[in-house]
Amino acid sequence: MYQHKTMDPQEAARLHEMRHTFSHLLAAAVQELRPEVKLGIGPAIDDGFYYDFLTDQPFSLSDLKDIERRMRKLAQAKHDLAPSSMGVAEAKALLAQRGEVLKVELVEDLAAQGETEVSFYGLGGFLDLCKGPHVANTKDLPLKAFKLDRVAGAYWRGDEKRPMLSRIYGLAFLTPEDLAAYIEQREEAERRDHRRLGRDMDLFVISPDVGKGLPMFTEKGTTIRRALERFIVDEEIKRGYLHVQTPILGRKHLYEISGHWEHYQDSMYPPINVDGEDYVLRPMTCPHHFMLYAARPRSYRELPVRYAEISPMYRKEKSGELSGLIRVMGFHLADAHIFCKPEDVKPVFREVVDLIGYVMETLGLAERCWYRLSLRDDHKEKYIDAPESWAMAERDMRDICEEMKLEAQVEPGHAAFYGPKLDVQMATVGGREETLFTNQIDIALAQRFHLEYIAEDGSRRMPWVVHRSSIGCLERTIAFLVEHYAGALPLWLMPVQVKVLPITDEQTAYAAQVKDQLERLGLRVELDDRKETLNRKVREAKMQKIPYLCVVGQREQQEGSVSVTNRDTDRKSTLPVAQFADAVLKEHVTRSRQLRAAGAA
RNA sequence: GCCCACGUAGCUCAGUAGGUAGAGCACUUCCUUGGUAAGGAAGAGGUUCAUCGGUUCGAUCCCGAUCGUGGGCUCCA
């Protein structure tokens with residue numbers, strides 16, 4: 001979403017202070033207007049600030065105007081942001097006397113961390129527990145560069161078991177121009193949103209009658225999907241993967257063995273009972289692949305075994321979490337499980353990282369993605385209890401990141417219950433971070449399924465398992481591609497690659513022949529022989545982001561040529577049909593991201 | 001699931017201080033045979049304003065519930 005101009009650290013710090021002060025100003029205004037409201041927390045964020053309030057009557061959008069007016073009035077009174085500090089006991093007493101129950105809790109936590117003194121900032125009659133820093137005086141706030149933005153509910157301390165607070169978000173920048181630019185950028189992002197483009201480009205449909213979170217692909221969307229599937233399946237086979245097919249239902253028992261039933265049940269559909277046996281829609285493919293592996297004895301000679309599948313799977317989501325193609329309940333993951341000797345796990349994982357690197361490069365997403373190393377956190381109960389294996393797997397992953405020079409963000413608390421993950425992250429146009437691909441070292445499941453192989457010395461040993469997705473889940477990957485390219489996908493992914501536009505119906509037959517010639521090569525071509533003006537046909541084709549437009553009139557027909565317009569450069573050139581066909585075909589099969597077949601830059 | 005907002009023709013949106021709905025684009029028909037981003041004219045299109053209840057002489061507009069969508073929170077591929 002909003003990309004900061006490169007800002008020198010001083011300026012960035014000043015902006016941060018301002019935003020933080022704005023959040024105090026917001027809280028002060030709110031408490032003047034509604035004294036019964038209690039304070040949560042109010043930090044600066046990427047595009048401004050927010051403040052959380054405890055109240056029986058959550059704020060609504062219509063409240064923002066009054067609050068904003070009060071903020072401006074308060075700021076114009078030129079209050080100093082006066083710091084002070086006091087002992088923990090005194091602070092608690094003061095806050096308790098003001099009824100600030102949430103702030104009391106914060107002080108107690110600080111005390112538990114060993115703090116003996118806490119700091120406050122005043123703003124007129126308003127006083128807030130806060131470590132600062134702030135601008136010196138409210139007159140230093142750029143009142144024309146801020147705006148209250150929206151309201152939302154947010155659980156106290158991010159815990160859904162605790163009360164829901166009412167959060168007010170505000171935007172704040174150094175200058176009014178920055179604010180306007182940000183708002184403009186947000187509108188531009190809306191135009192790139194895959195949900196909007198998906199409809200405009202006729203890629204997918206979500207029908208309430210089919211069910212929310214259950215997208216359907218049109219023929220055009222399916223074409224994109226098929227291109228991705230063919231690409232990844234071919235690539236995986238080249239790299240030694242064995243493509244298999246397993247069912248989307250499985251006995252509940254299977255997931256009890258794997259531990260998913262215990263650890264992951266909230267995300268699974270309730271069992272379907274058939275003749276007294278419980279079946280579940282699979283949320284993951286691992287147990288199925290494990291059973292394939294376990295179906296016969298395995299020798300160390302055949303390891304690593306790499307089972308891959310484009311797996312349909314179903315995960316139950318809370319309704320508020322669904323979003324277009326990015327968060328759905330039914331999706332298709334390019335999944336694989338690699339069974340290897342424990343001592344081979346590093347080379348195997350390196351090979352996985354190499355594959356996803358290649359995929360990102362091919363899709364043109366490499367610049368937009370970053371790695372996240374997802375480890376355990378202190379809430380150990382979420383994870384399989386095997387401290388030594390965890391330590392080993394986490395160390396292996398760190399080593400690999402280092403060796404392969406991946407600058408991964410380390411994030412405790414995001415690991416799978418059975419092992420650490422190396423995720424590839426990307427941001428939607430709306431600025432929300434999502435996982436595109438995920439790869440895991442599994443320290444637990446092989447044991448639960450009693451997987452083994454026979455080693456050189458004849459002993460039975462347990463393999464390690466690497467879970468990985470090469471091109472992620474197709475729904476989400478398509479959404480990111482559409483947003484990244486604003487609909488103008490690389491040629492090999494475009495549902496319609498070439499459009500032939502006859503100028504008059506004299507050329508319809510010739511145009512059909514051109515179309516045929518291109519289609520015989522496996523290209524996706526449409527003929528627009530409607531009785532419309534050329535201008536109109538060109539306009540519509542441009543809006544559909546068709547990579548190449550072939551205009552054919554009398555001249556082209558006579559010389560057996562096409563007059564081609566390049567989507568990306570908007571340049572035109574006239575060339576023999578065969579020559580154009582060869583050039584496009586080459587770009588298609590090489591999955592080129594540049595259109596060079598005609599009118600190259 | 002929770003908080004806030006929204007739900008009017010295929011799309012983008014008007015509208016009525018409550019008296020049984022309108023525009024542009026798309027669509028259909030006719031005219032135009034046009035050389036690179038909207039040729040012209042006419043017409044049709046809403047079981048009447050997501051659904052179901054309630055208030056009212058009367059509701060698209062007020063209230064409630066449900067469903068769906070969007071933005072947050074939590075969760076997550």
# chains A, B, ... in the order shown; residues from 1 in each chain; ligands from 1
$ select_by_dssp --residues "segment 488-589 of chain A" --states "helix (DSSP H, G or I)" --output "MDAnalysis selection string"
chainID A and resid 491:493 505:519 534:543 554:559 577:589
$ residues_around --residues "Arg524 of chain A" --least-positions-apart "6" --cutoff "10 Å" --atoms "only C-alpha atoms (C1' of nucleotides)" --output "compact mmCIF listing (two decimals) with N, CA, C and O atoms, in the first residue's frame"
# COMPACT_ATOMS: atom_id res chain seq x y z
N THR A 223 -8.57 -20.61 -17.30
CA THR A 223 -7.43 -20.62 -18.22
C THR A 223 -6.16 -20.19 -17.49
O THR A 223 -5.10 -20.80 -17.66
N LEU A 491 2.00 -12.55 -20.80
CA LEU A 491 1.35 -13.20 -21.93
C LEU A 491 0.90 -14.63 -21.64
O LEU A 491 -0.23 -15.01 -21.92
N TRP A 492 1.79 -15.43 -21.04
CA TRP A 492 1.50 -16.85 -20.88
C TRP A 492 0.34 -17.11 -19.94
O TRP A 492 -0.21 -18.21 -19.91
N MET A 494 -2.33 -14.79 -19.70
CA MET A 494 -3.54 -14.07 -20.13
C MET A 494 -4.55 -15.02 -20.76
O MET A 494 -4.21 -15.82 -21.63
N PRO A 495 -5.81 -14.93 -20.34
CA PRO A 495 -6.85 -15.79 -20.92
C PRO A 495 -6.95 -15.58 -22.43
O PRO A 495 -7.14 -16.54 -23.18
N VAL A 496 -6.86 -14.34 -22.87
CA VAL A 496 -6.83 -14.06 -24.30
C VAL A 496 -5.52 -13.35 -24.59
O VAL A 496 -5.25 -12.30 -24.03
N GLN A 497 -4.72 -13.96 -25.44
CA GLN A 497 -3.38 -13.42 -25.68
C GLN A 497 -3.34 -12.48 -26.88
O GLN A 497 -2.58 -11.52 -26.91
N VAL A 498 -4.14 -12.82 -27.87
CA VAL A 498 -4.15 -12.03 -29.10
C VAL A 498 -5.59 -11.80 -29.51
O VAL A 498 -6.42 -12.70 -29.40
N LYS A 499 -5.88 -10.60 -29.96
CA LYS A 499 -7.21 -10.33 -30.49
C LYS A 499 -7.05 -9.84 -31.92
O LYS A 499 -6.25 -8.96 -32.19
N LYS A 515 -6.48 -15.98 -37.12
CA LYS A 515 -6.80 -16.55 -35.81
C LYS A 515 -6.47 -18.04 -35.79
O LYS A 515 -5.82 -18.54 -34.86
N LEU A 518 -2.78 -18.84 -35.64
CA LEU A 518 -2.21 -18.65 -34.30
C LEU A 518 -2.70 -19.73 -33.34
O LEU A 518 -1.94 -20.24 -32.51
$ interface_residues --of "chain B" --to "chain A" --cutoff "8 Å" --atoms "only C-alpha atoms (C1' of nucleotides)" --output "list in words"
G1, C2, C3, C4, A5, U33, G34, G35, U36, A37, A38, G39, G68, G71, G72, C73, U74, C75 and A77 of chain B
$ residues_around --residues "A59 of chain B" --least-positions-apart "5" --cutoff "12 Å" --atoms "only C-alpha atoms (C1' of nucleotides)" --output "list of chain:residue names"
B:U16, B:G18, B:G19, B:U20, B:U48, B:C49, B:G54
$ write_last_selection --atoms "N, CA and C atoms (P, O5', C5', C4', C3', O3' and C1' of nucleotides)" --output "compact mmCIF listing (two decimals), in the first residue's frame"
# COMPACT_ATOMS: atom_id res chain seq x y z
P U B 16 -33.99 12.85 -1.72
O5' U B 16 -35.48 12.85 -1.20
C5' U B 16 -36.53 13.39 -1.99
C4' U B 16 -37.72 12.46 -1.94
C3' U B 16 -38.13 12.04 -0.52
O3' U B 16 -39.15 12.91 -0.04
C1' U B 16 -37.90 10.13 -1.90
P G B 18 -39.06 10.81 6.03
O5' G B 18 -39.89 10.70 4.67
C5' G B 18 -39.46 9.78 3.69
C4' G B 18 -40.56 8.81 3.44
C3' G B 18 -41.82 9.38 2.80
O3' G B 18 -41.72 9.21 1.42
C1' G B 18 -42.28 7.75 4.51
P G B 19 -42.60 10.01 0.38
O5' G B 19 -43.85 9.06 0.10
C5' G B 19 -43.70 7.82 -0.58
C4' G B 19 -45.04 7.47 -1.19
C3' G B 19 -45.38 8.32 -2.40
O3' G B 19 -45.66 7.39 -3.42
C1' G B 19 -47.08 8.52 -0.70
P U B 20 -45.82 7.69 -4.85
O5' U B 20 -46.24 6.23 -5.28
C5' U B 20 -45.40 5.53 -6.16
C4' U B 20 -44.96 4.27 -5.49
C3' U B 20 -44.49 3.20 -6.47
O3' U B 20 -43.14 3.40 -6.85
C1' U B 20 -46.00 2.24 -4.95
P U B 48 -42.49 -5.56 -8.48
O5' U B 48 -41.39 -5.91 -7.40
C5' U B 48 -40.01 -5.64 -7.65
C4' U B 48 -39.60 -4.33 -7.00
C3' U B 48 -40.05 -4.16 -5.55
O3' U B 48 -38.96 -4.62 -4.76
C1' U B 48 -40.36 -2.17 -6.84
P C B 49 -38.83 -4.23 -3.17
O5' C B 49 -37.46 -3.47 -3.21
C5' C B 49 -36.30 -4.08 -3.80
C4' C B 49 -35.19 -3.05 -3.86
C3' C B 49 -34.77 -2.57 -2.48
O3' C B 49 -33.41 -2.95 -2.32
C1' C B 49 -35.29 -0.73 -3.95
P G B 54 -45.74 -8.60 10.58
O5' G B 54 -45.29 -7.40 11.50
C5' G B 54 -45.01 -7.63 12.89
C4' G B 54 -44.31 -6.44 13.48
C3' G B 54 -45.02 -5.10 13.30
O3' G B 54 -46.06 -4.93 14.23
C1' G B 54 -42.71 -4.86 12.85
$ residues_around --residues "A9 of chain B" --least-positions-apart "3" --cutoff "12 Å" --atoms "only C-alpha atoms (C1' of nucleotides)" --output "list in words"
U12, C13, A21, G22, A23, C25, A26, C27, A44, G45, G46, U48 and C49 of chain B
